[in-house]
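File shown: final-v7.txt. Contents: compact mmCIF, C-alpha atoms.
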```txt
# COMPACT_ATOMS: atom_id res chain seq x y z
CA MET A 1 -59.55 -6.17 -38.44
CA ILE A 2 -60.00 -2.68 -36.99
CA LYS A 3 -58.96 0.01 -39.45
CA ARG A 4 -56.39 2.36 -37.99
CA ASN A 5 -57.06 6.09 -38.19
CA ILE A 6 -53.44 6.71 -39.19
CA SER A 7 -53.92 4.80 -42.48
CA GLU A 8 -54.90 7.89 -44.49
CA GLU A 9 -51.86 9.84 -43.33
CA LEU A 10 -49.61 6.87 -44.13
CA LEU A 11 -51.01 6.65 -47.66
CA LYS A 12 -50.63 10.39 -48.19
CA LEU A 13 -47.00 10.39 -47.07
CA GLY A 14 -46.37 7.37 -49.29
CA ARG A 15 -47.16 9.61 -52.25
CA GLN A 16 -44.69 12.27 -51.10
CA TYR A 17 -41.59 10.61 -49.61
CA PRO A 18 -39.37 7.77 -50.86
CA ILE A 19 -39.30 6.31 -47.33
CA ILE A 20 -41.93 6.27 -44.59
CA THR A 21 -40.83 5.26 -41.10
CA VAL A 22 -43.45 4.06 -38.60
CA VAL A 23 -42.35 3.77 -34.98
CA GLY A 24 -44.27 2.73 -31.90
CA PRO A 25 -44.45 0.25 -29.04
CA ARG A 26 -44.00 -3.45 -29.59
CA GLN A 27 -47.27 -5.11 -30.63
CA SER A 28 -49.03 -1.79 -31.30
CA GLY A 29 -50.03 -2.97 -34.78
CA LYS A 30 -47.26 -1.51 -36.95
CA THR A 31 -46.73 -4.62 -39.07
CA THR A 32 -50.45 -5.18 -39.59
CA LEU A 33 -50.87 -1.52 -40.51
CA VAL A 34 -48.14 -1.28 -43.13
CA LYS A 35 -49.06 -4.63 -44.68
CA SER A 36 -52.70 -3.56 -45.01
CA VAL A 37 -51.88 -0.14 -46.47
CA PHE A 38 -49.18 -1.50 -48.82
CA PRO A 39 -50.35 -5.08 -49.53
CA LYS A 40 -48.27 -5.53 -52.68
CA LYS A 41 -44.91 -4.69 -51.15
CA PRO A 42 -42.60 -7.59 -50.25
CA TYR A 43 -42.06 -7.93 -46.52
CA TYR A 44 -38.82 -8.54 -44.60
CA SER A 45 -38.50 -8.69 -40.84
CA PHE A 46 -35.12 -8.03 -39.26
CA GLU A 47 -36.30 -9.89 -36.19
CA ASP A 48 -35.61 -12.99 -38.29
CA PRO A 49 -31.89 -13.79 -37.85
CA ASP A 50 -31.51 -15.22 -41.36
CA THR A 51 -33.00 -12.13 -42.98
CA ARG A 52 -30.83 -9.92 -40.81
CA ARG A 53 -27.67 -11.90 -41.63
CA ILE A 54 -28.33 -11.87 -45.39
CA ALA A 55 -29.12 -8.16 -45.42
CA LEU A 56 -26.10 -7.12 -43.39
CA SER A 57 -23.58 -9.44 -45.04
CA ASP A 58 -24.17 -7.82 -48.44
CA ALA A 59 -26.45 -4.81 -48.05
CA ARG A 60 -26.04 -3.57 -51.61
CA SER A 61 -27.12 -6.91 -53.11
CA PHE A 62 -30.04 -7.11 -50.68
CA LEU A 63 -31.29 -3.64 -51.63
CA LYS A 64 -30.73 -4.34 -55.33
CA LYS A 65 -33.04 -7.34 -55.02
CA ILE A 66 -35.78 -5.11 -53.55
CA HIS A 67 -35.08 -2.10 -55.76
CA ALA A 68 -38.80 -1.62 -56.47
CA GLY A 69 -39.44 -1.20 -52.76
CA ALA A 70 -40.33 -3.23 -49.68
CA ILE A 71 -41.49 -3.22 -46.08
CA LEU A 72 -38.52 -3.52 -43.71
CA ASP A 73 -39.81 -4.45 -40.26
CA GLU A 74 -38.04 -3.79 -36.92
CA ILE A 75 -35.31 -1.75 -38.56
CA GLN A 76 -33.64 -1.06 -35.20
CA ARG A 77 -32.34 -4.64 -35.34
CA ALA A 78 -30.26 -3.77 -38.44
CA PRO A 79 -29.46 -0.05 -38.23
CA GLU A 80 -26.43 -0.44 -40.52
CA ILE A 81 -28.80 -0.89 -43.47
CA LEU A 82 -29.90 2.74 -43.19
CA SER A 83 -26.67 4.14 -44.64
CA TYR A 84 -27.03 1.92 -47.70
CA LEU A 85 -30.70 2.83 -47.95
CA GLN A 86 -29.68 6.48 -48.14
CA GLY A 87 -27.66 5.86 -51.30
CA GLU A 88 -30.44 3.72 -52.78
CA VAL A 89 -33.12 6.41 -52.50
CA ASP A 90 -30.74 9.19 -53.55
CA ALA A 91 -30.33 7.34 -56.84
CA ASP A 92 -34.09 6.84 -57.21
CA ARG A 93 -36.35 9.16 -55.23
CA ARG A 94 -39.67 7.78 -56.37
CA PRO A 95 -42.17 8.22 -53.53
CA GLY A 96 -43.37 5.30 -51.44
CA ARG A 97 -40.54 2.89 -52.18
CA PHE A 98 -39.66 1.75 -48.68
CA VAL A 99 -41.68 1.46 -45.50
CA LEU A 100 -39.69 1.00 -42.29
CA THR A 101 -40.97 0.10 -38.84
CA GLY A 102 -39.22 0.23 -35.48
CA SER A 103 -39.97 -0.25 -31.80
CA GLN A 104 -37.27 1.81 -30.12
CA GLN A 105 -36.89 5.55 -30.36
CA LEU A 106 -33.46 5.91 -28.77
CA ASN A 107 -31.06 4.47 -31.34
CA LEU A 108 -33.53 4.21 -34.19
CA LEU A 109 -34.49 7.88 -34.42
CA GLU A 110 -30.88 8.94 -34.07
CA ASN A 111 -29.88 6.67 -36.96
CA VAL A 112 -32.88 7.68 -39.07
CA THR A 113 -32.27 11.40 -38.61
CA GLN A 114 -28.59 11.00 -39.41
CA SER A 115 -28.91 8.74 -42.45
CA LEU A 116 -32.33 9.57 -43.88
CA ALA A 117 -32.82 13.26 -43.16
CA GLY A 118 -35.02 14.76 -45.88
CA ARG A 119 -35.73 11.32 -47.32
CA THR A 120 -38.25 9.90 -44.86
CA ALA A 121 -41.49 10.90 -43.19
CA LEU A 122 -41.96 9.75 -39.61
CA LEU A 123 -45.18 8.51 -38.02
CA LYS A 124 -45.85 7.21 -34.52
CA LEU A 125 -48.38 4.43 -34.06
CA LEU A 126 -49.67 3.80 -30.56
CA PRO A 127 -52.13 1.04 -29.58
CA TYR A 128 -55.82 1.46 -30.40
CA SER A 129 -57.65 4.63 -29.51
CA ILE A 130 -61.13 4.76 -28.03
CA ALA A 131 -62.29 6.32 -31.30
CA GLU A 132 -60.99 3.32 -33.28
CA LEU A 133 -62.56 0.80 -30.92
CA ARG A 134 -65.91 2.59 -31.07
CA LYS A 135 -65.95 2.33 -34.86
CA ALA A 136 -65.53 -1.42 -34.59
CA ALA A 137 -67.95 -1.86 -31.68
CA PRO A 138 -70.38 1.06 -31.42
CA LYS A 139 -71.33 0.16 -27.84
CA PRO A 140 -68.49 1.72 -25.85
CA LEU A 141 -66.80 0.13 -22.88
CA GLY A 142 -66.72 1.85 -19.52
CA ALA A 143 -63.75 3.86 -18.32
CA ASP A 144 -62.65 1.15 -15.88
CA ASP A 145 -62.72 -1.43 -18.69
CA TYR A 146 -60.47 0.74 -20.85
CA ILE A 147 -58.10 1.39 -17.96
CA TYR A 148 -57.77 -2.30 -17.08
CA GLN A 149 -57.70 -3.74 -20.61
CA GLY A 150 -55.54 -1.07 -22.15
CA PHE A 151 -55.47 -0.77 -25.92
CA TYR A 152 -53.03 -3.29 -27.36
CA PRO A 153 -54.63 -4.90 -30.44
CA GLY A 154 -53.87 -8.48 -29.37
CA LEU A 155 -56.11 -8.22 -26.32
CA TYR A 156 -59.08 -7.41 -28.53
CA SER A 157 -58.40 -9.73 -31.47
CA GLN A 158 -57.51 -12.72 -29.28
CA LYS A 159 -59.73 -11.86 -26.28
CA LEU A 160 -56.83 -12.32 -23.86
CA ASN A 161 -56.91 -11.95 -20.10
CA PRO A 162 -55.32 -8.52 -19.54
CA THR A 163 -53.36 -9.42 -16.41
CA LYS A 164 -51.76 -12.48 -18.00
CA ALA A 165 -51.26 -10.75 -21.35
CA TYR A 166 -49.49 -7.75 -19.85
CA ARG A 167 -47.34 -9.95 -17.64
CA ASN A 168 -46.14 -11.75 -20.77
CA TYR A 169 -45.79 -8.48 -22.66
CA TYR A 170 -43.70 -6.91 -19.92
CA GLU A 171 -41.35 -9.87 -19.56
CA THR A 172 -41.12 -10.76 -23.25
CA TYR A 173 -40.82 -7.34 -24.83
CA ILE A 174 -40.13 -4.56 -22.36
CA GLU A 175 -37.48 -6.28 -20.24
CA ARG A 176 -35.91 -8.00 -23.25
CA ASP A 177 -35.67 -4.81 -25.29
CA LEU A 178 -34.21 -2.88 -22.41
CA ARG A 179 -31.60 -5.53 -21.76
CA GLN A 180 -30.60 -5.22 -25.43
CA LEU A 181 -30.35 -1.44 -25.18
CA MET A 182 -28.27 -1.46 -22.03
CA HIS A 183 -26.83 -4.05 -19.68
CA ILE A 184 -28.83 -3.62 -16.48
CA LYS A 185 -26.85 -5.19 -13.65
CA ASP A 186 -29.49 -5.14 -10.93
CA LEU A 187 -32.65 -6.31 -12.67
CA HIS A 188 -34.67 -6.44 -9.44
CA LEU A 189 -33.88 -2.77 -8.73
CA PHE A 190 -34.89 -1.85 -12.26
CA GLN A 191 -38.16 -3.77 -11.84
CA LYS A 192 -38.78 -1.89 -8.60
CA PHE A 193 -38.16 1.38 -10.43
CA VAL A 194 -40.68 0.53 -13.16
CA ARG A 195 -43.39 -0.31 -10.62
CA LEU A 196 -42.67 2.87 -8.68
CA CYS A 197 -43.13 4.80 -11.91
CA ALA A 198 -46.59 3.27 -12.26
CA GLY A 199 -47.37 4.50 -8.75
CA ARG A 200 -46.43 8.04 -9.79
CA ILE A 201 -48.70 8.41 -12.83
CA GLY A 202 -49.71 12.03 -13.23
CA ASN A 203 -47.11 13.23 -10.72
CA ILE A 204 -44.12 15.48 -11.18
CA PHE A 205 -41.09 13.35 -12.05
CA VAL A 206 -38.36 13.92 -9.46
CA ALA A 207 -35.39 11.65 -10.14
CA SER A 208 -33.82 12.23 -6.72
CA HIS A 209 -36.93 10.94 -4.91
CA LEU A 210 -36.95 7.76 -6.98
CA ALA A 211 -33.20 7.31 -6.56
CA ALA A 212 -33.57 7.40 -2.78
CA GLU A 213 -36.45 4.93 -2.82
CA VAL A 214 -34.85 2.46 -5.24
CA GLY A 215 -31.36 2.79 -3.80
CA VAL A 216 -29.46 3.85 -6.93
CA SER A 217 -27.91 7.09 -8.15
CA VAL A 218 -29.82 9.95 -9.75
CA PRO A 219 -27.98 9.45 -13.10
CA THR A 220 -29.06 5.79 -13.07
CA ILE A 221 -32.71 6.80 -12.56
CA GLN A 222 -32.43 9.32 -15.38
CA LYS A 223 -30.86 6.70 -17.65
CA TRP A 224 -33.56 4.14 -16.84
CA ALA A 225 -36.30 6.70 -17.41
CA SER A 226 -34.81 7.54 -20.82
CA LEU A 227 -34.81 3.84 -21.69
CA LEU A 228 -38.47 3.45 -20.73
CA GLU A 229 -39.34 6.51 -22.77
CA ALA A 230 -37.33 5.27 -25.76
CA SER A 231 -39.14 1.93 -25.63
CA PHE A 232 -42.60 3.55 -25.57
CA VAL A 233 -43.35 2.50 -21.99
CA ILE A 234 -43.58 5.94 -20.38
CA PHE A 235 -43.75 9.50 -21.63
CA PHE A 236 -43.30 12.88 -20.02
CA LEU A 237 -45.75 15.75 -20.34
CA GLN A 238 -43.76 18.96 -20.25
CA PRO A 239 -44.90 22.03 -18.31
CA TYR A 240 -46.07 25.14 -20.12
CA TYR A 241 -44.19 28.07 -18.63
CA GLU A 242 -43.67 30.51 -21.50
CA ASN A 243 -43.93 34.06 -20.12
CA PHE A 244 -45.05 32.85 -16.69
CA GLY A 245 -41.71 33.58 -15.03
CA LYS A 246 -40.31 31.74 -12.03
CA ARG A 247 -43.63 30.98 -10.36
CA VAL A 248 -44.41 27.81 -12.34
CA ILE A 249 -43.21 24.23 -11.97
CA LYS A 250 -40.71 23.38 -14.72
CA SER A 251 -40.33 19.62 -14.23
CA PRO A 252 -42.36 17.14 -16.35
CA LYS A 253 -45.20 14.85 -15.30
CA LEU A 254 -44.95 11.10 -15.85
CA TYR A 255 -47.50 8.97 -17.73
CA PHE A 256 -47.63 5.54 -19.38
CA TYR A 257 -48.20 4.86 -23.06
CA ASP A 258 -50.85 2.28 -22.12
CA THR A 259 -53.09 2.11 -19.05
CA GLY A 260 -53.25 -1.69 -19.28
CA VAL A 261 -49.49 -1.94 -18.76
CA ALA A 262 -49.73 0.54 -15.88
CA SER A 263 -52.60 -1.40 -14.30
CA TYR A 264 -50.58 -4.61 -14.44
CA LEU A 265 -47.60 -2.92 -12.79
CA LEU A 266 -49.90 -1.58 -10.06
CA GLY A 267 -51.11 -5.11 -9.31
CA ILE A 268 -54.64 -4.54 -10.62
CA GLU A 269 -56.09 -7.91 -11.65
CA ASN A 270 -59.73 -7.14 -12.47
CA ILE A 271 -62.05 -4.27 -13.30
CA ASN A 272 -63.47 -4.06 -9.78
CA GLN A 273 -60.01 -3.34 -8.43
CA VAL A 274 -59.72 -0.36 -10.79
CA GLU A 275 -62.72 1.30 -9.16
CA ARG A 276 -61.23 0.89 -5.69
CA ASP A 277 -57.65 1.78 -6.59
CA PRO A 278 -56.42 5.08 -5.10
CA LEU A 279 -54.82 5.89 -8.45
CA ARG A 280 -58.03 5.54 -10.46
CA GLY A 281 -58.21 9.30 -11.02
CA ALA A 282 -54.62 9.39 -12.25
CA LEU A 283 -55.22 6.40 -14.53
CA PHE A 284 -58.30 8.09 -15.98
CA GLU A 285 -56.26 11.25 -16.58
CA ASN A 286 -53.61 9.13 -18.32
CA LEU A 287 -56.33 7.53 -20.47
CA VAL A 288 -57.72 10.89 -21.62
CA ILE A 289 -54.30 12.40 -22.36
CA LEU A 290 -53.39 9.34 -24.44
CA GLU A 291 -56.57 9.73 -26.48
CA MET A 292 -55.55 13.28 -27.41
CA ILE A 293 -51.98 12.23 -28.22
CA LYS A 294 -53.23 9.43 -30.48
CA GLU A 295 -55.49 11.82 -32.36
CA ARG A 296 -52.56 14.13 -33.08
CA TYR A 297 -50.12 11.34 -33.96
CA ASP A 298 -52.64 9.81 -36.35
CA LYS A 299 -52.48 13.04 -38.35
CA GLY A 300 -48.68 13.05 -38.36
CA LEU A 301 -48.48 15.94 -35.89
CA ASP A 302 -46.69 16.61 -32.62
CA HIS A 303 -49.14 16.41 -29.76
CA ASN A 304 -48.54 20.00 -28.53
CA LEU A 305 -49.84 19.07 -25.08
CA TYR A 306 -48.46 20.52 -21.87
CA PHE A 307 -49.61 21.02 -18.30
CA PHE A 308 -49.61 24.02 -15.99
CA ARG A 309 -48.82 24.16 -12.29
CA ASP A 310 -47.47 27.02 -10.21
CA ASN A 311 -45.77 26.98 -6.83
CA HIS A 312 -49.10 27.66 -5.11
CA GLN A 313 -50.57 24.37 -6.43
CA ASN A 314 -52.80 26.07 -8.99
CA GLU A 315 -52.89 23.74 -11.96
CA VAL A 316 -54.51 22.68 -15.21
CA ASP A 317 -54.15 19.05 -16.29
CA VAL A 318 -53.50 19.83 -19.96
CA VAL A 319 -52.72 22.94 -21.98
CA TYR A 320 -53.16 22.40 -25.72
CA LYS A 321 -51.13 24.86 -27.78
CA TYR A 322 -52.95 25.49 -31.04
CA GLY A 323 -51.17 28.15 -33.06
CA SER A 324 -51.21 31.28 -30.89
CA GLU A 325 -54.04 29.93 -28.73
CA LEU A 326 -53.72 28.15 -25.41
CA ILE A 327 -56.62 25.81 -24.69
CA PRO A 328 -56.80 24.64 -21.06
CA ILE A 329 -58.28 21.19 -20.40
CA GLU A 330 -59.25 19.81 -17.00
CA ILE A 331 -59.80 16.06 -16.56
CA LYS A 332 -62.03 14.53 -13.87
CA SER A 333 -62.91 10.86 -13.43
CA ALA A 334 -66.23 11.70 -11.76
CA GLU A 335 -69.52 10.95 -13.52
CA THR A 336 -71.30 13.84 -11.78
CA PHE A 337 -70.55 17.41 -12.80
CA ASP A 338 -69.39 19.89 -10.16
CA GLU A 339 -68.82 23.55 -10.97
CA GLY A 340 -65.82 23.44 -8.63
CA PHE A 341 -64.04 21.50 -11.39
CA PHE A 342 -63.65 24.84 -13.20
CA ARG A 343 -61.33 26.41 -10.62
CA GLY A 344 -58.06 25.66 -12.40
CA LEU A 345 -59.48 26.63 -15.79
CA HIS A 346 -60.69 30.00 -14.51
CA TYR A 347 -57.35 30.68 -12.84
CA PHE A 348 -55.34 29.84 -15.95
CA SER A 349 -57.53 32.04 -18.18
CA LYS A 350 -57.09 34.89 -15.71
CA ILE A 351 -53.29 34.82 -15.53
CA SER A 352 -52.42 33.57 -19.03
CA PRO A 353 -50.28 36.06 -20.97
CA ARG A 354 -51.95 34.78 -24.14
CA LYS A 355 -55.67 34.63 -24.78
CA ALA A 356 -56.73 31.29 -23.32
CA LYS A 357 -59.91 30.24 -25.11
CA ASN A 358 -62.40 27.48 -25.31
CA GLY A 359 -61.53 25.69 -22.11
CA PHE A 360 -62.73 22.12 -21.73
CA LEU A 361 -63.75 19.97 -18.82
CA VAL A 362 -63.47 16.28 -19.72
CA TYR A 363 -65.19 13.88 -17.35
CA ALA A 364 -66.87 10.46 -17.16
CA GLY A 365 -70.41 11.85 -17.10
CA THR A 366 -72.73 11.81 -20.10
CA ASP A 367 -74.30 15.28 -19.75
CA GLU A 368 -72.48 17.55 -22.20
CA HIS A 369 -73.04 21.30 -22.06
CA THR A 370 -71.35 24.70 -22.06
CA LEU A 371 -71.12 26.82 -18.92
CA HIS A 372 -69.11 30.05 -18.40
CA ASP A 373 -67.65 29.56 -21.90
CA ILE A 374 -66.24 26.18 -20.85
CA LYS A 375 -67.34 23.09 -22.75
CA VAL A 376 -68.13 20.08 -20.59
CA ILE A 377 -67.68 16.85 -22.58
CA ASN A 378 -67.57 13.10 -22.06
CA TYR A 379 -64.12 11.52 -22.37
CA HIS A 380 -65.23 9.46 -25.39
CA HIS A 381 -65.29 12.69 -27.39
CA VAL A 382 -62.01 14.22 -26.23
CA SER A 383 -60.28 13.62 -29.58
CA ARG A 384 -62.46 16.43 -30.99
CA VAL A 385 -60.64 18.92 -28.77
CA VAL A 386 -57.36 18.44 -30.65
CA SER A 387 -58.73 17.48 -34.08
CA ARG A 388 -58.70 21.00 -35.49
```

Step by step, read the file and then write its structure as structure tokens.
Amino acid sequence: MIKRNISEELLKLGRQYPIITVVGPRQSGKTTLVKSVFPKKPYYSFEDPDTRRIALSDARSFLKKIHAGAILDEIQRAPEILSYLQGEVDADRRPGRFVLTGSQQLNLLENVTQSLAGRTALLKLLPYSIAELRKAAPKPLGADDYIYQGFYPGLYSQKLNPTKAYRNYYETYIERDLRQLMHIKDLHLFQKFVRLCAGRIGNIFVASHLAAEVGVSVPTIQKWASLLEASFVIFFLQPYYENFGKRVIKSPKLYFYDTGVASYLLGIENINQVERDPLRGALFENLVILEMIKERYDKGLDHNLYFFRDNHQNEVDVVYKYGSELIPIEIKSAETFDEGFFRGLHYFSKISPRKAKNGFLVYAGTDEHTLHDIKVINYHHVSRVVSR
């Protein structure tokens, strides 16, 4: 079993809070994680209808039985239990009593923040990171392998075919969960929307464009996008525009929480197709951004990542806000360095109202060096950029 980097943060929070809540995509390893970190705690899954029925029919008796603490898995399936849990931990605030997991942000986080404010710490667990996989297998995979396979633990532990695995994952978890969250009348239009999202990785999200292409209203597109985001399918990278005035783009860019899922939705069925796909550069960019997000989430922190683009098409792929510093990061899928890659970084440093320092160029090449105060690094090492 591959040890998750978030384990230390989970243990630390378990010594500070009576409840720890771990959220993340389906099958990202939440259950395995909490069971390994807290092996002596009894385990209850609310995916099991009998467990759910017993707990909800008499919540006080259920919690009395597990007064010493327990792991409560897929808590979004029994949100009513949270109000009773509030009273339970108010009466006994010993740290580390309950560990909750959930796979949907939309309703779950709303219920958690309402019922358990000040009583729980919140962590987000995404699928494996490159750093975690390299610890388990020191010989790294290539970028195209990572893009195609994605990072869901089951693909590595069971050696599954990525195309078939992600087809099953999409139909079994993503579509099912979304149908539970909201009754989607035109499933084929929703499926078209999801695939169109995959084709727009790394692009500015414009709901009106998607609405016209899918044939639904703008509010419907916005609602569907919120559902995908709540279910850890897509995420939006927000623009950094503080003190830049009206000249910058203020709409978010769209990315996927896993490149394997995105590859499946794009119709990629083997590694060779990744290399030839016109979106390879965007998929590589998605891969690198995810690696930075995972590093931050594993420490229990917000990712603090943004992008910059003005109305003259000057842009930087990522702006990392670290305290008062702005650290620009450019991402290129090329294996050969080109000094022209620095253009956006130089421009941002020139116009930034804050001191923009320590710019990074992240690429697929192996030659790492510093030039013009910009550090050129291989994508395998990008987690170091945000690990401070």

If the box runs along x, y and z of the file and leaves 4 Å on each side of range 4-9 of chain A, what are its centre and edge lengths in Å, one decimal, as AutoDock Vina command-line options?
```
--center_x -54.5 --center_y 6.1 --center_z -41.2 --size_x 13.2 --size_y 15.5 --size_z 14.5
```

> Mind listing as an MDAnalysis selection string all residues within 10 Å of (-74.9, 8.9, -11.5), counting all atoms listed in the file?
Replying inline: chainID A and resid 334:337 364:366

Next, write the just-selected residues to a file, as an mmCIF file, in the frame of the given file, keeping C-alpha atoms as the atom set.
```cif
data_model
loop_
_atom_site.group_PDB
_atom_site.id
_atom_site.type_symbol
_atom_site.label_atom_id
_atom_site.label_comp_id
_atom_site.auth_asym_id
_atom_site.auth_seq_id
_atom_site.Cartn_x
_atom_site.Cartn_y
_atom_site.Cartn_z
ATOM 1 C CA ALA A 334 -66.230 11.700 -11.760
ATOM 2 C CA GLU A 335 -69.520 10.950 -13.520
ATOM 3 C CA THR A 336 -71.300 13.840 -11.780
ATOM 4 C CA PHE A 337 -70.550 17.410 -12.800
ATOM 5 C CA ALA A 364 -66.870 10.460 -17.160
ATOM 6 C CA GLY A 365 -70.410 11.850 -17.100
ATOM 7 C CA THR A 366 -72.730 11.810 -20.100
#
```

Tell me, counting all atoms listed in the file, for each residue of range 112-216 of chain A within 9 Å of range 262-276 of chain A, which pair of atoms is nearest and how far apart they are in Å to one decimal, in rows ordered by chain and increasing number, as a tab-separated table.
```
residue	atom	partner	partner_atom	distance
A:Asp144	CA	A:Ile271	CA	6.0
A:Asp145	CA	A:Ile271	CA	6.1
A:Ile147	CA	A:Ser263	CA	7.2
A:Tyr148	CA	A:Ser263	CA	5.9
A:Gln149	CA	A:Ser263	CA	8.4
A:Gly150	CA	A:Ser263	CA	8.4
A:Pro162	CA	A:Glu269	CA	8.0
A:Thr163	CA	A:Glu269	CA	5.7
A:Lys164	CA	A:Tyr264	CA	8.7
A:Tyr166	CA	A:Tyr264	CA	6.3
A:Arg167	CA	A:Tyr264	CA	7.0
A:Val194	CA	A:Leu265	CA	7.7
A:Arg195	CA	A:Leu265	CA	5.4
A:Leu196	CA	A:Leu266	CA	8.6
A:Cys197	CA	A:Ala262	CA	8.8
A:Ala198	CA	A:Ala262	CA	5.5
A:Gly199	CA	A:Leu266	CA	6.7
A:Ile201	CA	A:Ala262	CA	8.5
```

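For the atom pair formed by CA of Val288 in chain A and CA of Leu326 in chain A, the distance is 18.1 Å, given to one decimal.
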
> Using all atoms listed in the file, which residues sit within 6 Å of range 304-316 of chain A once same-chain residues fewer than 3 positions away are excluded, as a ChimeraX atom specification?
Replying inline: /A:237-240,247-249,319-321,330,344

Please produce a file of the residues just selected, as a compact mmCIF listing (two decimals), keeping the file's coordinate frame, where the atoms kept are C-alpha atoms.
```txt
# COMPACT_ATOMS: atom_id res chain seq x y z
CA LEU A 237 -45.75 15.75 -20.34
CA GLN A 238 -43.76 18.96 -20.25
CA PRO A 239 -44.90 22.03 -18.31
CA TYR A 240 -46.07 25.14 -20.12
CA ARG A 247 -43.63 30.98 -10.36
CA VAL A 248 -44.41 27.81 -12.34
CA ILE A 249 -43.21 24.23 -11.97
CA VAL A 319 -52.72 22.94 -21.98
CA TYR A 320 -53.16 22.40 -25.72
CA LYS A 321 -51.13 24.86 -27.78
CA GLU A 330 -59.25 19.81 -17.00
CA GLY A 344 -58.06 25.66 -12.40
```

Would you give me, as a tab-separated table, each residue of range 60-104 of chain A having an atom within 12 Å of an atom of range 221-235 of chain A, along with its shortest atom pair and that distance in Å to one decimal, using all atoms listed in the file and sorting by chain and residue number?
```
residue	atom	partner	partner_atom	distance
A:Gln76	CA	A:Ser231	CA	11.4
A:Gly102	CA	A:Ser231	CA	10.0
A:Ser103	CA	A:Ser231	CA	6.6
A:Gln104	CA	A:Ser231	CA	4.9
```

>> I'd like the interatomic distance between CA of Tyr322 in chain A and CA of Ile377 in chain A, to a tenth of an Å.
In response: 19.1 Å

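Considering all atoms listed in the file, the residue among A:Glu213, A:Asp92, A:Asp302, A:Glu175 positioned nearest to Leu122 in chain A is A:Asp302.
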
Do you know which residues are at most 6 Å from range 279-283 of chain A counting all atoms listed in the file, after dropping those on the same chain fewer than 3 positions away, and could you put them as a short mmCIF file (atom, residue, chain, number, x, y, z; two decimals) with C-alpha atoms, in the coordinates of the input?
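Generated output (result.cif):
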```cif
data_model
loop_
_atom_site.label_atom_id
_atom_site.label_comp_id
_atom_site.auth_asym_id
_atom_site.auth_seq_id
_atom_site.Cartn_x
_atom_site.Cartn_y
_atom_site.Cartn_z
CA GLY A 202 -49.71 12.03 -13.23
CA ASN A 286 -53.61 9.13 -18.32
CA SER A 333 -62.91 10.86 -13.43
#
```

>> Please list as JSON, numbers by chain every residue within 10 Å of Tyr146 in chain A, counting all atoms listed in the file and excluding residues in the same chain fewer than 3 positions away.
In response: {"A": [129, 130, 140, 141, 142, 143, 149, 150, 151, 258, 259, 260, 271, 283, 284, 287]}

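As for CA of Arg94 in chain A and CA of Glu47 in chain A, they are spaced 27.0 Å apart.
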
Tell me which protein, DNA and RNA residues are within 10 Å of Glu74 in chain A, counting all atoms listed in the file, leaving out same-chain ones fewer than 4 positions away, and put them as a PDB file with C-alpha atoms, in the coordinates of the input.
```pdb
ATOM      1  CA  VAL A  22     -43.450   4.060 -38.600  1.00  0.00           C
ATOM      2  CA  VAL A  23     -42.350   3.770 -34.980  1.00  0.00           C
ATOM      3  CA  ARG A  26     -44.000  -3.450 -29.590  1.00  0.00           C
ATOM      4  CA  LYS A  30     -47.260  -1.510 -36.950  1.00  0.00           C
ATOM      5  CA  THR A  31     -46.730  -4.620 -39.070  1.00  0.00           C
ATOM      6  CA  TYR A  44     -38.820  -8.540 -44.600  1.00  0.00           C
ATOM      7  CA  SER A  45     -38.500  -8.690 -40.840  1.00  0.00           C
ATOM      8  CA  PHE A  46     -35.120  -8.030 -39.260  1.00  0.00           C
ATOM      9  CA  GLU A  47     -36.300  -9.890 -36.190  1.00  0.00           C
ATOM     10  CA  ASP A  48     -35.610 -12.990 -38.290  1.00  0.00           C
ATOM     11  CA  ALA A  78     -30.260  -3.770 -38.440  1.00  0.00           C
ATOM     12  CA  PRO A  79     -29.460  -0.050 -38.230  1.00  0.00           C
ATOM     13  CA  LEU A 100     -39.690   1.000 -42.290  1.00  0.00           C
ATOM     14  CA  THR A 101     -40.970   0.100 -38.840  1.00  0.00           C
ATOM     15  CA  GLY A 102     -39.220   0.230 -35.480  1.00  0.00           C
ATOM     16  CA  SER A 103     -39.970  -0.250 -31.800  1.00  0.00           C
ATOM     17  CA  GLN A 104     -37.270   1.810 -30.120  1.00  0.00           C
ATOM     18  CA  LEU A 108     -33.530   4.210 -34.190  1.00  0.00           C
TER      19      LEU A 108
END
```

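Closest approach to Ile329 in chain A among A:Lys375, A:Arg179, A:Arg296, A:His380: A:Lys375, based on all atoms listed in the file.
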
>> With only C-alpha atoms as the counted atoms, please give the residues lying no more than 6 Å from Tyr363 in chain A, apart from itself and same-chain residues fewer than 4 positions off, as a list of chain:residue names.
In response: A:Ile331, A:Lys332, A:Ser333, A:Asn378, A:Tyr379

Write the residues you've just listed into a file as a short mmCIF file (atom, residue, chain, number, x, y, z; two decimals), in the frame of the given file, and include C-alpha atoms for each of them.
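File part_39.cif, as written:
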```cif
data_model
loop_
_atom_site.label_atom_id
_atom_site.label_comp_id
_atom_site.auth_asym_id
_atom_site.auth_seq_id
_atom_site.Cartn_x
_atom_site.Cartn_y
_atom_site.Cartn_z
CA ILE A 331 -59.80 16.06 -16.56
CA LYS A 332 -62.03 14.53 -13.87
CA SER A 333 -62.91 10.86 -13.43
CA ASN A 378 -67.57 13.10 -22.06
CA TYR A 379 -64.12 11.52 -22.37
#
```

>> Restricting the calculation to only C-alpha atoms: of A:Phe341, A:Phe360, A:Tyr43, A:Phe256, which residue gets closest to Pro25 in chain A?
In response: A:Phe256

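Take the candidates A:Leu10, A:Ile289, A:Leu345, A:Ile75 and check each one against Ser383 in chain A using all atoms listed in the file; the shortest distance goes to A:Ile289.
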